[in-house]
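Data file: final.txt. Format and content: compact mmCIF, C-alpha atoms and all ligand atoms.
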# COMPACT_ATOMS: atom_id res chain seq x y z
CA MET A 1 125.34 100.17 100.56
CA GLU A 2 122.15 101.16 98.80
CA THR A 3 119.54 103.01 100.78
CA ALA A 4 115.86 103.77 100.49
CA HIS A 5 116.63 107.31 99.36
CA GLN A 6 117.20 106.37 95.75
CA PHE A 7 113.49 105.48 95.56
CA GLY A 8 112.31 108.89 96.68
CA GLU A 9 111.21 110.04 100.09
CA GLU A 10 111.73 107.58 102.90
CA THR A 11 108.05 107.90 103.83
CA GLU A 12 107.15 106.36 100.49
CA SER A 13 109.06 103.15 101.16
CA PRO A 14 106.96 100.21 102.29
CA LYS A 15 107.62 99.42 105.94
CA HIS A 16 106.11 95.97 105.77
CA VAL A 17 106.64 93.76 102.73
CA ALA A 18 104.97 90.34 102.58
CA VAL A 19 105.86 87.76 99.95
CA ILE A 20 104.01 84.76 98.56
CA MET A 21 107.08 82.80 97.51
CA ASP A 22 105.75 80.85 94.55
CA GLY A 23 107.26 79.03 91.58
CA ASN A 24 109.85 76.70 93.12
CA GLY A 25 108.37 73.64 91.41
CA ARG A 26 108.18 75.27 87.99
CA TRP A 27 111.70 76.65 88.35
CA ALA A 28 112.95 73.10 88.99
CA ARG A 29 110.86 71.50 86.25
CA SER A 30 112.15 73.93 83.64
CA ARG A 31 115.66 72.71 84.51
CA GLY A 32 114.75 69.03 84.52
CA LEU A 33 115.28 68.91 88.31
CA PRO A 34 113.13 67.44 91.10
CA ARG A 35 110.81 69.87 92.94
CA ILE A 36 112.99 69.73 96.07
CA ALA A 37 115.83 71.33 94.08
CA GLY A 38 113.49 74.26 93.51
CA HIS A 39 112.72 74.49 97.22
CA LYS A 40 116.46 74.43 98.03
CA ALA A 41 117.12 77.20 95.53
CA GLY A 42 114.16 79.02 97.09
CA ALA A 43 115.94 78.97 100.46
CA GLU A 44 118.82 80.89 98.84
CA ALA A 45 116.33 83.47 97.60
CA VAL A 46 115.10 83.86 101.19
CA ARG A 47 118.64 84.68 102.30
CA ARG A 48 119.03 87.25 99.47
CA THR A 49 115.66 88.83 100.21
CA ILE A 50 116.37 89.29 103.93
CA LYS A 51 119.64 91.03 103.02
CA ALA A 52 117.93 93.19 100.38
CA CYS A 53 115.19 94.23 102.82
CA ARG A 54 117.77 95.34 105.35
CA GLU A 55 119.57 97.35 102.67
CA LEU A 56 116.37 98.93 101.37
CA GLY A 57 115.07 100.00 104.75
CA VAL A 58 112.15 97.57 105.01
CA SER A 59 111.43 96.99 108.71
CA HIS A 60 109.03 94.03 108.48
CA LEU A 61 109.30 91.11 106.07
CA THR A 62 106.69 88.37 106.11
CA LEU A 63 107.25 85.21 104.07
CA PHE A 64 104.62 82.61 103.16
CA ALA A 65 106.56 79.38 103.56
CA PHE A 66 103.90 76.66 103.94
CA SER A 67 100.14 77.03 103.79
CA SER A 68 97.51 75.10 105.70
CA GLU A 69 96.53 73.72 102.27
CA ASN A 70 100.04 72.57 101.35
CA TRP A 71 99.45 69.34 103.36
CA LYS A 72 97.56 68.21 100.24
CA ARG A 73 100.90 67.75 98.47
CA PRO A 74 102.54 64.31 98.19
CA ALA A 75 103.95 63.14 101.55
CA ASP A 76 107.53 63.06 100.30
CA GLU A 77 107.36 66.70 99.18
CA VAL A 78 105.88 67.72 102.56
CA ASP A 79 108.70 65.79 104.30
CA ASP A 80 111.28 67.48 102.11
CA LEU A 81 109.84 70.92 102.93
CA MET A 82 109.84 70.22 106.68
CA GLY A 83 113.38 68.86 106.43
CA LEU A 84 114.55 71.94 104.59
CA LEU A 85 112.91 74.15 107.17
CA ARG A 86 114.68 72.35 110.03
CA PHE A 87 117.99 72.61 108.21
CA TYR A 88 117.52 76.27 107.31
CA ILE A 89 116.48 77.41 110.78
CA ARG A 90 119.32 75.54 112.51
CA LYS A 91 121.84 76.88 110.03
CA GLU A 92 120.70 80.50 109.83
CA VAL A 93 119.44 81.48 113.29
CA ASP A 94 122.79 82.46 114.79
CA GLU A 95 123.75 84.61 111.84
CA LEU A 96 120.31 86.27 111.66
CA ASN A 97 120.48 86.88 115.40
CA ARG A 98 123.88 88.56 114.95
CA GLN A 99 122.33 90.75 112.25
CA GLY A 100 119.64 91.83 114.70
CA VAL A 101 116.81 90.03 112.92
CA SER A 102 113.83 89.04 115.05
CA ILE A 103 112.21 85.83 113.77
CA ARG A 104 108.55 85.10 114.45
CA PHE A 105 106.16 82.49 113.15
CA ILE A 106 102.47 82.73 112.33
CA GLY A 107 100.15 79.83 111.61
CA ALA A 108 98.63 76.91 113.49
CA ASP A 109 100.58 74.54 115.72
CA ASP A 110 98.25 71.63 114.92
CA GLY A 111 99.84 69.27 112.44
CA LEU A 112 103.43 70.47 112.79
CA PRO A 113 105.98 67.93 114.10
CA ASP A 114 106.94 68.46 117.78
CA ASP A 115 110.61 69.07 117.04
CA ILE A 116 109.71 71.85 114.61
CA LEU A 117 107.38 73.43 117.17
CA LYS A 118 110.24 73.40 119.66
CA LEU A 119 112.66 74.81 117.10
CA ILE A 120 110.36 77.71 116.25
CA ARG A 121 109.64 78.54 119.90
CA ASP A 122 113.41 78.49 120.66
CA THR A 123 114.11 80.68 117.62
CA GLU A 124 111.45 83.20 118.65
CA ARG A 125 112.83 83.34 122.16
CA THR A 126 116.47 83.74 121.04
CA THR A 127 115.70 86.59 118.65
CA LEU A 128 112.86 88.26 120.58
CA ASP A 129 114.55 91.59 121.33
CA ASN A 130 116.11 92.18 117.89
CA ARG A 131 114.81 95.16 115.97
CA ASN A 132 116.81 95.58 112.74
CA LEU A 133 114.26 93.52 110.83
CA ILE A 134 111.13 91.71 111.99
CA LEU A 135 111.02 88.54 109.91
CA THR A 136 107.73 86.67 110.16
CA VAL A 137 107.49 83.20 108.67
CA ALA A 138 103.99 81.99 107.83
CA LEU A 139 104.17 78.26 108.45
CA ASN A 140 101.13 76.00 108.44
CA TYR A 141 99.32 79.29 107.92
CA GLY A 142 95.93 79.88 106.34
CA SER A 143 94.01 83.08 106.82
CA ARG A 144 90.60 81.43 107.11
CA ASP A 145 91.97 79.11 109.79
CA GLU A 146 93.46 82.11 111.60
CA LEU A 147 90.11 83.94 111.47
CA ALA A 148 88.25 80.83 112.65
CA ARG A 149 90.65 80.50 115.60
CA ALA A 150 90.07 84.17 116.46
CA ALA A 151 86.30 83.68 116.24
CA ARG A 152 86.51 80.64 118.54
CA SER A 153 88.47 82.59 121.12
CA ILE A 154 85.92 85.43 121.05
CA ALA A 155 83.00 82.97 121.24
CA LYS A 156 84.58 81.36 124.30
CA GLU A 157 85.02 84.70 126.07
CA VAL A 158 81.45 85.69 125.32
CA ALA A 159 80.19 82.31 126.55
CA ASP A 160 82.31 82.68 129.70
CA GLY A 161 80.84 86.13 130.27
CA THR A 162 84.24 87.91 130.09
CA MET A 163 83.30 89.73 126.90
CA ALA A 164 80.06 91.33 125.71
CA PRO A 165 78.88 90.77 122.11
CA GLY A 166 78.93 94.55 121.66
CA ASP A 167 82.68 94.55 122.32
CA VAL A 168 83.41 92.49 119.21
CA ASP A 169 84.87 95.16 116.97
CA GLU A 170 87.72 95.26 114.42
CA ALA A 171 90.33 95.82 117.10
CA ALA A 172 89.05 92.86 119.14
CA ILE A 173 89.40 90.61 116.10
CA ALA A 174 92.83 91.99 115.13
CA ARG A 175 94.10 91.37 118.68
CA ARG A 176 93.28 87.67 118.31
CA LEU A 177 95.00 87.15 114.98
CA ASP A 178 98.48 85.61 114.73
CA THR A 179 99.72 88.99 113.47
CA VAL A 180 98.80 90.84 116.69
CA GLY A 181 101.07 93.82 117.16
CA MET A 182 102.33 93.80 113.56
CA PRO A 183 101.54 96.59 111.10
CA ASP A 184 99.45 95.45 108.10
CA PRO A 185 101.55 94.74 105.02
CA ASP A 186 102.02 97.80 102.82
CA LEU A 187 103.10 95.70 99.87
CA ILE A 188 102.32 92.07 99.06
CA ILE A 189 104.44 90.53 96.32
CA ARG A 190 103.55 87.22 94.66
CA THR A 191 106.14 85.67 92.39
CA SER A 192 105.75 83.22 89.49
CA GLY A 193 103.02 85.12 87.64
CA GLU A 194 100.08 83.73 89.63
CA GLN A 195 97.60 86.41 90.64
CA ARG A 196 95.85 85.25 93.78
CA LEU A 197 96.30 85.39 97.55
CA SER A 198 95.91 81.65 98.22
CA ASN A 199 94.56 82.25 101.75
CA PHE A 200 97.40 84.59 102.79
CA LEU A 201 96.71 87.50 105.21
CA LEU A 202 93.15 88.07 103.97
CA TRP A 203 92.20 90.35 106.86
CA GLN A 204 95.55 92.16 106.97
CA ALA A 205 95.65 92.74 103.19
CA ALA A 206 92.53 94.96 103.21
CA TYR A 207 94.54 97.95 101.96
CA SER A 208 97.82 96.35 100.90
CA GLU A 209 99.18 97.11 97.45
CA LEU A 210 99.53 93.89 95.45
CA VAL A 211 102.40 93.41 93.01
CA PHE A 212 102.62 90.30 90.86
CA SER A 213 106.07 89.44 89.59
CA LYS A 214 106.76 86.97 86.79
CA VAL A 215 110.06 85.97 88.42
CA MET A 216 110.08 82.43 89.83
CA TRP A 217 110.85 82.55 93.56
CA PRO A 218 114.32 80.88 93.29
CA ASP A 219 115.38 83.71 90.93
CA PHE A 220 114.09 86.49 93.19
CA ASP A 221 116.81 88.98 94.13
CA GLN A 222 117.39 92.58 95.13
CA GLU A 223 116.61 93.83 91.62
CA ALA A 224 113.24 92.05 91.61
CA LEU A 225 112.47 93.46 95.05
CA LYS A 226 113.44 96.97 93.96
CA SER A 227 111.25 96.70 90.92
CA ALA A 228 108.25 95.67 93.09
CA ILE A 229 108.99 98.55 95.49
CA ASP A 230 109.23 100.96 92.51
CA GLU A 231 105.80 99.83 91.36
CA TYR A 232 104.46 100.26 94.91
CA GLN A 233 105.80 103.79 94.98
CA ARG A 234 103.95 104.68 91.78
CA ARG A 235 100.65 103.72 93.40
CA GLU A 236 98.37 106.10 95.24
CA ARG A 237 96.96 104.69 98.47
CA ARG A 238 93.59 106.25 99.20
CA TYR A 239 92.02 104.00 101.89
CA GLY A 240 88.57 104.90 100.63
CA ALA A 241 89.11 108.65 100.87
CA VAL A 242 89.68 111.21 98.13
CA THR A 243 92.99 112.89 97.50
CA ALA A 244 93.43 116.63 97.40
C1 LIG B 1 106.32 77.64 96.43
O1 LIG B 1 106.61 76.97 95.24
C2 LIG B 1 106.72 76.85 97.65
C3 LIG B 1 105.61 76.36 98.45
C4 LIG B 1 104.35 76.53 98.20
C5 LIG B 1 105.93 75.56 99.62
P1 LIG B 1 105.67 75.83 94.68
O2 LIG B 1 106.12 74.53 95.24
O3 LIG B 1 104.25 76.15 94.89
O4 LIG B 1 106.05 75.90 93.14
P2 LIG B 1 105.06 75.76 91.89
O5 LIG B 1 103.92 76.69 92.11
O6 LIG B 1 104.64 74.32 91.87
O7 LIG B 1 105.90 76.14 90.72
C1 LIG B 2 100.94 79.56 98.16
O1 LIG B 2 101.44 78.88 97.06
C2 LIG B 2 101.59 79.04 99.42
C3 LIG B 2 103.00 79.37 99.59
C4 LIG B 2 103.71 80.12 98.80
C5 LIG B 2 103.61 78.82 100.77
P1 LIG B 2 100.71 77.60 96.43
O2 LIG B 2 101.57 77.16 95.30
O3 LIG B 2 100.44 76.61 97.50
O4 LIG B 2 99.33 78.22 95.94
P2 LIG B 2 98.28 77.70 94.86
O5 LIG B 2 97.95 76.29 95.21
O6 LIG B 2 98.94 77.80 93.53
O7 LIG B 2 97.13 78.65 94.99
MG MG B 3 102.85 77.15 93.81

I'd like the structure from this file rewritten - as structure tokens, please.
Ligand code: IPE
Ligand code: IPE
Ligand code: MG
Amino acid sequence: METAHQFGEETESPKHVAVIMDGNGRWARSRGLPRIAGHKAGAEAVRRTIKACRELGVSHLTLFAFSSENWKRPADEVDDLMGLLRFYIRKEVDELNRQGVSIRFIGADDGLPDDILKLIRDTERTTLDNRNLILTVALNYGSRDELARAARSIAKEVADGTMAPGDVDEAAIARRLDTVGMPDPDLIIRTSGEQRLSNFLLWQAAYSELVFSKVMWPDFDQEALKSAIDEYQRRERRYGAVTA
């Protein structure tokens, strides 16, 4: 088994890797296949990436699966994506649970079918105590929506008199985000050559290192992950300070 050591000191490995899994449609089109074939192949890449993260010592993996803006896609593609998600969760949960993977979801409930909401709550409950890998799936997730929900919750507490305006600080906001309790991502990878965040983890990405890979998501594998981690390890994170 490969370990983090081959990349240098363990402390230099990213603890939390987040991925914008992009390029399924283009992968399919380049093969003359329907977009859903790209999404299916993308599910295989998810399986490979979880395994690779465990082997490379990554403790948190966050995957952008469906954005709050992806509802703009044709209804049949949205249905296909929801269907694939149902199928994937039902099929994989037991195995991931055996591997000690904790599965969590971030994003809004509004708009998701009831059976999927139940499936994700059951999955979270089943895998709650696992610690080998914290896998977070961003589903119906948009960072601006997440921040607006946090702002609403603060506004309500201030209106109710349970919170003073002066108590609204960074920690108070972070506590109301879907990612409460999670470390910020050290490394954000976007596949398919696009170079944007598309409303993913805007608050949490304040000091994340961004790596853009040309690989289409269905082709993503351990080698592509290693290459992104290698690039991460060549960066110097300064957080606004100066280095000695
Ligand atoms: C990523 O692949 C999957 C989702 C956004 C759900 P795309 O479906 O965006 O693929 P491209 O960008 O059209 O190639
Ligand atoms: C971002 O990809 C969302 C996910 C990967 C789930 P998109 O394909 O939706 O992003 P844009 O539209 O190209 O910015
Ligand atoms: Mg895309």

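Comparing the minimum interatomic distances between ligand MG 3 (chain B) and each of A:Met21, A:Ala159, A:Leu128, A:Leu96, counting only C-alpha atoms and all ligand atoms, we find that A:Met21 sits nearest.
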
For ligand MG 3 (chain B), list the contacting residues at 9 Å or closer, counting all atoms listed in the file, as a PyMOL selection string.
chain A and resi 21-26+192+194

With a distance cut-off of 7 Å and only C-alpha atoms, select the neighbouring residues of region 147-150 of chain A, excluding the residue or stretch itself and same-chain residues fewer than 5 positions from it, and output the selection as a list in words.
Ile173, Arg176 and Leu177 of chain A

Which residues are near ligand LIG 2 (chain B) - at most 10 Å, using all atoms listed in the file? Format: as a ChimeraX atom specification.
/A:19-25,63-73,137-142,190-192,194-200,217

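Shortest separation to ligand LIG 1 (chain B) among A:Ala41, A:Ala18, A:Ala206, A:Ile106 occurs at residue A:Ala41, atoms counted being only C-alpha atoms and all ligand atoms.
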
Which residues are near region 45-51 of chain A? Cut-off 8 Å, only C-alpha atoms, ignore same chain within fewer than 5 positions. Put them as a PDB file with C-alpha atoms, keeping the file's coordinate frame.
ATOM      1  CA  LEU A  61     109.300  91.110 106.070  1.00  0.00           C
ATOM      2  CA  TRP A 217     110.850  82.550  93.560  1.00  0.00           C
ATOM      3  CA  PRO A 218     114.320  80.880  93.290  1.00  0.00           C
ATOM      4  CA  ASP A 219     115.380  83.710  90.930  1.00  0.00           C
ATOM      5  CA  PHE A 220     114.090  86.490  93.190  1.00  0.00           C
ATOM      6  CA  ASP A 221     116.810  88.980  94.130  1.00  0.00           C
ATOM      7  CA  GLN A 222     117.390  92.580  95.130  1.00  0.00           C
ATOM      8  CA  LEU A 225     112.470  93.460  95.050  1.00  0.00           C
TER       9      LEU A 225
END

Excluding same-chain residues fewer than 6 positions from Asn130 (chain A), what lies within 10 Å of it counting only C-alpha atoms, as a PDB file with C-alpha atoms, keeping the file's coordinate frame?
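So selection06.pdb came out as:
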ATOM      1  CA  LEU A  96     120.310  86.270 111.660  1.00  0.00           C
ATOM      2  CA  ASN A  97     120.480  86.880 115.400  1.00  0.00           C
ATOM      3  CA  ARG A  98     123.880  88.560 114.950  1.00  0.00           C
ATOM      4  CA  GLN A  99     122.330  90.750 112.250  1.00  0.00           C
ATOM      5  CA  GLY A 100     119.640  91.830 114.700  1.00  0.00           C
ATOM      6  CA  VAL A 101     116.810  90.030 112.920  1.00  0.00           C
ATOM      7  CA  SER A 102     113.830  89.040 115.050  1.00  0.00           C
ATOM      8  CA  ILE A 103     112.210  85.830 113.770  1.00  0.00           C
TER       9      ILE A 103
END

Atom pair CA of Gln204 (chain A) + CA of Asp184 (chain A), distance 5.2 Å

Have a look at CA of Leu210 (chain A) and CA of Asp186 (chain A) and let me know their distance in Å, one decimal.
8.7 Å

Point-to-point distance from CA of Leu119 (chain A) to CA of Arg86 (chain A), Å rounded to tenths
7.8 Å

With 5 Å on each side, where is the centre of the axis-aligned box around all listed atoms of ligand LIG 1 (chain B), and how long are its edges in Å to one decimal, as lines of an AutoDock Vina configuration file?
center_x = 105.3
center_y = 76.0
center_z = 95.2
size_x = 12.8
size_y = 13.3
size_z = 18.9

Pick from A:Leu56, A:Val215, A:Ile154, A:Ile188 nearest to ligand LIG 1 (chain B), counting all atoms listed in the file
A:Val215

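Among the candidates A:Thr136, A:Val211, A:Trp203, A:Glu77, the residue lying nearest to Ala171 (chain A) is A:Trp203 (atoms considered: all atoms listed in the file).
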
Nearest residue to ligand LIG 1 (chain B) from the set A:Leu187, A:Ile36, A:Ile120, A:Ala75 (distances using all atoms listed in the file):
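Looking at the shortest contact to ligand LIG 1 (chain B), the residue is A:Ile36.
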
For Met163 (chain A), list every protein, DNA or RNA residue within 12 Å, evaluated using all atoms listed in the file, and leave out those in the same chain fewer than 5 positions away; present the list as a list of chain:residue names.
A:Ser153, A:Ile154, A:Ala155, A:Lys156, A:Glu157, A:Val158, A:Val168, A:Asp169, A:Ala172
